[in-house]
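Note sheet for the following structure.
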Protein chains: 2
Amino acid sequence: MSGDISLKAIGVVRTANKTREETPVQPSRAVGIEGTVEVFPEYEKGLDGLERFSHVFLICCFDRAGPAELTVTPHGRTERRGVFATRAPDRPNPIGLSLVRLLRREGTVLHVSDVDILDGTPLLDVKPYVAELDSRND
Amino acid sequence: MSGDISLKAIGVVRTANKTREETPVQPSRAVGIEGTVEVFPEYEKGLDGLERFSHVFLICCFDRAGPAELTVTPHGRTERRGVFATRAPDRPNPIGLSLVRLLRREGTVLHVSDVDILDGTPLLDVKPYVAELDSRND
């Protein structure tokens, strides 16, 4: 791998979470918080059939993250931990992964719930949640 | 969001999957397939505490994907579907998301299982799998 990897926003996430401080850090606090995902019109065909899934992963860019830190103190903890053992945003590549409930799709707009994402966050990818791939019991 | 988002590889994934054709497309076929994740030495501190998790998400760059297509025919299907309703690699941002079992960590090397990733794939991020965040039953 030589050089950088260049990605582009394919949309933007709209939520009531206007600042980092008021954005839920725990998914249990995000339950029921609704938002919309506005996918840019040129990608509309890429959403065909997404409505068959109850949940989707949103892969976003933490565009307001601070400088990357290799160790962080997780919320509610006292000891520092490696950033890759946390979901903290200040990471070497500021990529966020959120599983949200897909309420409905209207064209390029996804209505979603359980959203722990800052308003205005750039969207990089949408993937369907498939329990066989994404869920483990042990 | 103006302009591109620039990311960098933080490591590389090593597996026996040498070509796209021989790489499992179904997680059920990847069960037991072992591999290693070689995180670059400068990020070692970021892995502290990761060993407490049984599974981790690997976020990778599909570096051998073809040009992005907005609709694809999923493996084993006949009708085309929007790429965001699939996990196909030829997507606008070639980002891969794989949930793997973490067998053990040796310094900067993660020994993992259930790996559906091509050998040599650049690693962008590692996140712990937290059932409360990442699993849904309905």
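So you can find residues: chains in the structure tokens are A, B, ... in the order shown, residues in each start at 1, and ligands are numbered from 1 in order.
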
Output as a VMD selection string all residues of range 80-111 of chain B that backbone DSSP marks as strand (DSSP E).
chain B and resid 81 to 82 95 to 106 109 to 111

Would you export the selected residues with N, CA, C and O atoms as a CSV table (one decimal), in the first residue's frame, please?
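Result file part_33.csv:
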```csv
chain,number,residue,atom,x,y,z
B,81,ARG,N,-29.5,-5.3,-7.9
B,81,ARG,CA,-29.9,-4.6,-6.6
B,81,ARG,C,-28.9,-3.4,-6.5
B,81,ARG,O,-27.8,-3.5,-6.9
B,82,GLY,N,-29.4,-2.4,-5.8
B,82,GLY,CA,-28.5,-1.2,-5.5
B,82,GLY,C,-27.3,-1.7,-4.7
B,82,GLY,O,-27.4,-2.5,-3.8
B,95,ILE,N,-14.8,0.6,0.8
B,95,ILE,CA,-14.6,0.2,2.2
B,95,ILE,C,-15.2,-1.1,2.5
B,95,ILE,O,-16.4,-1.3,2.2
B,96,GLY,N,-14.4,-2.0,3.1
B,96,GLY,CA,-14.9,-3.3,3.5
B,96,GLY,C,-15.1,-3.3,5.0
B,96,GLY,O,-14.4,-2.7,5.8
B,97,LEU,N,-16.2,-4.1,5.4
B,97,LEU,CA,-16.5,-4.3,6.9
B,97,LEU,C,-16.6,-5.8,7.1
B,97,LEU,O,-17.4,-6.4,6.5
B,98,SER,N,-15.7,-6.3,8.0
B,98,SER,CA,-15.7,-7.7,8.3
B,98,SER,C,-15.6,-7.9,9.8
B,98,SER,O,-14.8,-7.3,10.4
B,99,LEU,N,-16.5,-8.8,10.3
B,99,LEU,CA,-16.5,-9.2,11.7
B,99,LEU,C,-15.7,-10.5,11.8
B,99,LEU,O,-16.1,-11.4,11.1
B,100,VAL,N,-14.6,-10.5,12.5
B,100,VAL,CA,-13.8,-11.6,12.6
B,100,VAL,C,-13.6,-12.0,14.1
B,100,VAL,O,-13.8,-11.2,15.0
B,101,ARG,N,-13.3,-13.3,14.3
B,101,ARG,CA,-13.0,-13.7,15.7
B,101,ARG,C,-11.6,-13.4,16.0
B,101,ARG,O,-10.7,-13.7,15.2
B,102,LEU,N,-11.4,-12.8,17.2
B,102,LEU,CA,-10.0,-12.5,17.6
B,102,LEU,C,-9.5,-13.7,18.5
B,102,LEU,O,-10.0,-13.9,19.6
B,103,LEU,N,-8.5,-14.4,17.9
B,103,LEU,CA,-8.0,-15.6,18.6
B,103,LEU,C,-7.0,-15.2,19.7
B,103,LEU,O,-7.0,-15.6,20.8
B,104,ARG,N,-6.1,-14.3,19.3
B,104,ARG,CA,-5.1,-13.8,20.3
B,104,ARG,C,-4.3,-12.6,19.6
B,104,ARG,O,-4.4,-12.5,18.4
B,105,ARG,N,-3.6,-11.9,20.5
B,105,ARG,CA,-2.8,-10.8,20.0
B,105,ARG,C,-1.4,-11.0,20.4
B,105,ARG,O,-1.1,-11.5,21.6
B,106,GLU,N,-0.4,-10.9,19.5
B,106,GLU,CA,1.0,-10.9,19.8
B,106,GLU,C,1.6,-9.6,19.4
B,106,GLU,O,2.0,-9.5,18.2
B,109,VAL,N,0.5,-8.0,16.1
B,109,VAL,CA,-0.2,-9.0,15.2
B,109,VAL,C,-1.4,-9.6,15.9
B,109,VAL,O,-1.4,-10.1,17.0
B,110,LEU,N,-2.5,-9.5,15.1
B,110,LEU,CA,-3.8,-10.1,15.6
B,110,LEU,C,-4.0,-11.4,14.9
B,110,LEU,O,-4.0,-11.4,13.6
B,111,HIS,N,-4.2,-12.4,15.6
B,111,HIS,CA,-4.5,-13.7,15.0
B,111,HIS,C,-6.0,-13.8,15.0
B,111,HIS,O,-6.7,-13.8,16.0
```

Using only C-alpha atoms, which residues sit within 12 Å of Gly32 in chain B once same-chain residues fewer than 2 positions away are excluded, as number ranges by chain?
B: 15-16, 24, 27-30, 34-35, 100-103, 111-116

Selected residues written out with N, CA, C and O atoms, as a PDB file, in the first residue's frame:
```
ATOM      1  N   THR B  15      -3.950 -13.404   4.586  1.00  0.00           N
ATOM      2  CA  THR B  15      -4.805 -14.587   4.590  1.00  0.00           C
ATOM      3  C   THR B  15      -4.374 -15.519   3.467  1.00  0.00           C
ATOM      4  O   THR B  15      -3.504 -15.177   2.660  1.00  0.00           O
ATOM      5  N   ALA B  16      -5.000 -16.684   3.426  1.00  0.00           N
ATOM      6  CA  ALA B  16      -4.729 -17.636   2.342  1.00  0.00           C
ATOM      7  C   ALA B  16      -5.561 -17.310   1.108  1.00  0.00           C
ATOM      8  O   ALA B  16      -5.443 -17.986   0.085  1.00  0.00           O
ATOM      9  N   PRO B  24     -13.914 -16.315   0.168  1.00  0.00           N
ATOM     10  CA  PRO B  24     -15.311 -16.645   0.482  1.00  0.00           C
ATOM     11  C   PRO B  24     -16.217 -15.428   0.351  1.00  0.00           C
ATOM     12  O   PRO B  24     -15.880 -14.347   0.826  1.00  0.00           O
ATOM     13  N   PRO B  27     -20.082 -15.689   4.672  1.00  0.00           N
ATOM     14  CA  PRO B  27     -19.362 -15.878   5.930  1.00  0.00           C
ATOM     15  C   PRO B  27     -19.389 -17.322   6.395  1.00  0.00           C
ATOM     16  O   PRO B  27     -18.464 -17.786   7.042  1.00  0.00           O
ATOM     17  N   SER B  28     -20.455 -18.064   6.034  1.00  0.00           N
ATOM     18  CA  SER B  28     -20.521 -19.453   6.457  1.00  0.00           C
ATOM     19  C   SER B  28     -19.360 -20.254   5.871  1.00  0.00           C
ATOM     20  O   SER B  28     -18.910 -21.238   6.426  1.00  0.00           O
ATOM     21  N   ARG B  29     -18.843 -19.796   4.719  1.00  0.00           N
ATOM     22  CA  ARG B  29     -17.699 -20.495   4.117  1.00  0.00           C
ATOM     23  C   ARG B  29     -16.370 -19.999   4.674  1.00  0.00           C
ATOM     24  O   ARG B  29     -15.331 -20.579   4.420  1.00  0.00           O
ATOM     25  N   ALA B  30     -16.393 -18.888   5.392  1.00  0.00           N
ATOM     26  CA  ALA B  30     -15.150 -18.339   5.949  1.00  0.00           C
ATOM     27  C   ALA B  30     -14.906 -18.838   7.373  1.00  0.00           C
ATOM     28  O   ALA B  30     -13.833 -18.630   7.911  1.00  0.00           O
ATOM     29  N   GLU B  34      -8.282 -18.985   9.044  1.00  0.00           N
ATOM     30  CA  GLU B  34      -7.493 -18.104   9.902  1.00  0.00           C
ATOM     31  C   GLU B  34      -6.632 -17.157   9.093  1.00  0.00           C
ATOM     32  O   GLU B  34      -6.325 -17.410   7.925  1.00  0.00           O
ATOM     33  N   GLY B  35      -6.264 -16.086   9.713  1.00  0.00           N
ATOM     34  CA  GLY B  35      -5.386 -15.116   9.084  1.00  0.00           C
ATOM     35  C   GLY B  35      -4.755 -14.252  10.152  1.00  0.00           C
ATOM     36  O   GLY B  35      -4.993 -14.450  11.347  1.00  0.00           O
ATOM     37  N   VAL B 100     -14.626 -10.450  12.509  1.00  0.00           N
ATOM     38  CA  VAL B 100     -13.786 -11.649  12.637  1.00  0.00           C
ATOM     39  C   VAL B 100     -13.631 -12.016  14.109  1.00  0.00           C
ATOM     40  O   VAL B 100     -13.796 -11.180  15.003  1.00  0.00           O
ATOM     41  N   ARG B 101     -13.313 -13.272  14.330  1.00  0.00           N
ATOM     42  CA  ARG B 101     -13.045 -13.745  15.684  1.00  0.00           C
ATOM     43  C   ARG B 101     -11.596 -13.424  16.029  1.00  0.00           C
ATOM     44  O   ARG B 101     -10.686 -13.690  15.232  1.00  0.00           O
ATOM     45  N   LEU B 102     -11.369 -12.836  17.192  1.00  0.00           N
ATOM     46  CA  LEU B 102     -10.007 -12.521  17.632  1.00  0.00           C
ATOM     47  C   LEU B 102      -9.491 -13.686  18.468  1.00  0.00           C
ATOM     48  O   LEU B 102      -9.971 -13.931  19.580  1.00  0.00           O
ATOM     49  N   LEU B 103      -8.546 -14.426  17.920  1.00  0.00           N
ATOM     50  CA  LEU B 103      -8.015 -15.595  18.619  1.00  0.00           C
ATOM     51  C   LEU B 103      -7.001 -15.172  19.678  1.00  0.00           C
ATOM     52  O   LEU B 103      -7.040 -15.627  20.816  1.00  0.00           O
ATOM     53  N   HIS B 111      -4.170 -12.446  15.607  1.00  0.00           N
ATOM     54  CA  HIS B 111      -4.515 -13.726  14.982  1.00  0.00           C
ATOM     55  C   HIS B 111      -6.035 -13.830  14.983  1.00  0.00           C
ATOM     56  O   HIS B 111      -6.655 -13.770  16.047  1.00  0.00           O
ATOM     57  N   VAL B 112      -6.592 -13.975  13.799  1.00  0.00           N
ATOM     58  CA  VAL B 112      -8.043 -13.910  13.673  1.00  0.00           C
ATOM     59  C   VAL B 112      -8.557 -15.107  12.882  1.00  0.00           C
ATOM     60  O   VAL B 112      -7.798 -15.795  12.178  1.00  0.00           O
ATOM     61  N   SER B 113      -9.849 -15.348  12.985  1.00  0.00           N
ATOM     62  CA  SER B 113     -10.480 -16.448  12.275  1.00  0.00           C
ATOM     63  C   SER B 113     -11.755 -15.943  11.620  1.00  0.00           C
ATOM     64  O   SER B 113     -12.246 -14.864  11.938  1.00  0.00           O
ATOM     65  N   ASP B 114     -12.282 -16.762  10.692  1.00  0.00           N
ATOM     66  CA  ASP B 114     -13.512 -16.430   9.967  1.00  0.00           C
ATOM     67  C   ASP B 114     -13.272 -15.220   9.056  1.00  0.00           C
ATOM     68  O   ASP B 114     -14.042 -14.252   9.043  1.00  0.00           O
ATOM     69  N   VAL B 115     -12.201 -15.300   8.276  1.00  0.00           N
ATOM     70  CA  VAL B 115     -11.719 -14.148   7.523  1.00  0.00           C
ATOM     71  C   VAL B 115     -12.087 -14.256   6.048  1.00  0.00           C
ATOM     72  O   VAL B 115     -11.627 -15.162   5.348  1.00  0.00           O
ATOM     73  N   ASP B 116     -12.899 -13.337   5.573  1.00  0.00           N
ATOM     74  CA  ASP B 116     -13.330 -13.315   4.173  1.00  0.00           C
ATOM     75  C   ASP B 116     -12.617 -12.191   3.414  1.00  0.00           C
ATOM     76  O   ASP B 116     -13.203 -11.549   2.547  1.00  0.00           O
TER      77      ASP B 116
END
```

What lies within 9 Å of range 128-134 of chain B using only C-alpha atoms, ignoring chain neighbours under 2 positions off, as a list of chain:residue names?
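Counting only the stated atoms, we get A:Gln26, A:Pro27, A:Ser28, A:Phe57, A:Phe84, A:Ala85, A:Thr86, A:Arg87, A:Ser98, A:Leu99, A:Asp134, A:Ser135, A:Arg136, A:Asn137, B:Leu50, B:Phe53, B:Ser54, B:His55, B:Val56, B:Phe57, B:Leu58, B:Leu99, B:Val126, B:Arg136.
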
Output C-alpha atoms of each residue in that selection to a file, as a tab-separated table (two decimals), in the first residue's frame.
```tsv
chain	number	residue	atom	x	y	z
A	26	GLN	CA	-24.09	4.96	24.57
A	27	PRO	CA	-26.44	3.29	22.08
A	28	SER	CA	-28.96	2.71	24.86
A	57	PHE	CA	-24.65	0.23	8.98
A	84	PHE	CA	-8.65	0.44	18.66
A	85	ALA	CA	-10.20	-1.20	21.75
A	86	THR	CA	-12.75	1.64	21.89
A	87	ARG	CA	-15.22	3.35	19.57
A	98	SER	CA	-23.10	3.01	13.46
A	99	LEU	CA	-25.86	0.45	13.27
A	134	ASP	CA	-22.54	-9.11	11.69
A	135	SER	CA	-23.76	-10.76	14.85
A	136	ARG	CA	-22.02	-13.09	17.29
A	137	ASN	CA	-23.38	-14.59	20.47
B	50	LEU	CA	-8.17	-5.25	22.48
B	53	PHE	CA	-12.92	-8.75	23.01
B	54	SER	CA	-13.90	-12.03	21.37
B	55	HIS	CA	-14.65	-10.42	18.00
B	56	VAL	CA	-13.51	-7.29	16.22
B	57	PHE	CA	-14.56	-5.40	13.12
B	58	LEU	CA	-11.88	-4.91	10.50
B	99	LEU	CA	-16.50	-9.16	11.65
B	126	VAL	CA	-10.09	-1.92	14.03
B	136	ARG	CA	-30.07	-6.59	16.45
```

Using CA of Pro122 in chain B and CA of Glu38 in chain A as the two end points, give the distance in Å to one decimal.
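So the two atoms, CA of Pro122 in chain B and CA of Glu38 in chain A, lie 28.8 Å apart.
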
CA of Thr108 in chain B to CA of Ser6 in chain B, distance in Å rounded to a single decimal
23.6 Å

Please list as a CSV table (one decimal) with N, CA and C atoms, in the first residue's frame every residue within 10 Å of Asn93 in chain A, counting only C-alpha atoms and excluding residues in the same chain fewer than 2 positions away.
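Output (selection32.csv):
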```csv
chain,number,residue,atom,x,y,z
A,61,CYS,N,-17.6,9.7,8.2
A,61,CYS,CA,-16.3,10.4,8.6
A,61,CYS,C,-16.5,11.2,9.8
A,62,PHE,N,-15.7,11.0,10.9
A,62,PHE,CA,-15.8,11.8,12.0
A,62,PHE,C,-15.1,13.1,11.7
A,68,ALA,N,-5.7,12.4,16.3
A,68,ALA,CA,-5.7,11.0,16.7
A,68,ALA,C,-4.9,10.8,18.0
A,89,PRO,N,-13.9,8.6,18.7
A,89,PRO,CA,-13.8,9.2,17.4
A,89,PRO,C,-12.4,9.7,17.0
A,90,ASP,N,-11.5,10.0,18.0
A,90,ASP,CA,-10.2,10.6,17.7
A,90,ASP,C,-9.2,9.5,17.4
A,91,ARG,N,-9.4,8.9,16.2
A,91,ARG,CA,-8.6,7.7,15.9
A,91,ARG,C,-7.8,8.0,14.6
A,95,ILE,N,-13.0,7.1,11.1
A,95,ILE,CA,-14.1,6.4,10.5
A,95,ILE,C,-15.1,6.0,11.6
A,96,GLY,N,-16.3,6.3,11.4
A,96,GLY,CA,-17.4,5.9,12.3
A,96,GLY,C,-18.2,4.8,11.8
B,5,ILE,N,-11.7,13.0,1.3
B,5,ILE,CA,-11.3,12.6,2.7
B,5,ILE,C,-10.1,11.6,2.5
B,6,SER,N,-9.0,12.0,3.1
B,6,SER,CA,-7.8,11.2,2.9
B,6,SER,C,-7.5,10.3,4.1
B,7,LEU,N,-7.4,9.0,3.8
B,7,LEU,CA,-7.1,8.0,4.9
B,7,LEU,C,-5.8,7.3,4.5
B,8,LYS,N,-5.3,6.6,5.5
B,8,LYS,CA,-4.0,5.9,5.3
B,8,LYS,C,-4.1,4.5,5.9
B,9,ALA,N,-3.4,3.6,5.3
B,9,ALA,CA,-3.4,2.2,5.9
B,9,ALA,C,-2.7,2.2,7.2
B,10,ILE,N,-3.3,1.5,8.2
B,10,ILE,CA,-2.6,1.4,9.5
B,10,ILE,C,-2.1,-0.1,9.6
B,124,LEU,N,-7.7,-0.2,7.5
B,124,LEU,CA,-8.0,1.2,7.9
B,124,LEU,C,-8.3,1.4,9.4
B,125,ASP,N,-9.0,0.5,9.9
B,125,ASP,CA,-9.4,0.7,11.3
B,125,ASP,C,-9.8,-0.7,11.9
B,126,VAL,N,-9.6,-0.8,13.2
B,126,VAL,CA,-10.1,-1.9,14.0
B,126,VAL,C,-11.0,-1.4,15.1
```

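Among the candidates A:Leu123, A:Val72, A:Asn17, A:Leu118, the residue lying nearest to Lys45 in chain B is A:Val72 (atoms considered: only C-alpha atoms).
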
Between CA of Glu42 in chain B and CA of His75 in chain A, what distance in Å does the model show, to one decimal?
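One can read the CA of Glu42 in chain B to CA of His75 in chain A distance as 24.7 Å.
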
Minimum-distance residue to chain A, chosen among B:Cys60, B:Leu47, B:Glu69, B:Gly120 (using only C-alpha atoms):
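Answer, going by the shortest atom-to-atom distance: B:Leu47.
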
For chain A, which residue among B:Arg52, B:Thr19, B:Val83, B:Pro67 is the nearest when counting only C-alpha atoms?
B:Val83

Which residues in range 5-133 of chain B does DSSP call alpha helix (DSSP H)? List them as an NGL selection string.
:B and (27-30 or 131-133)
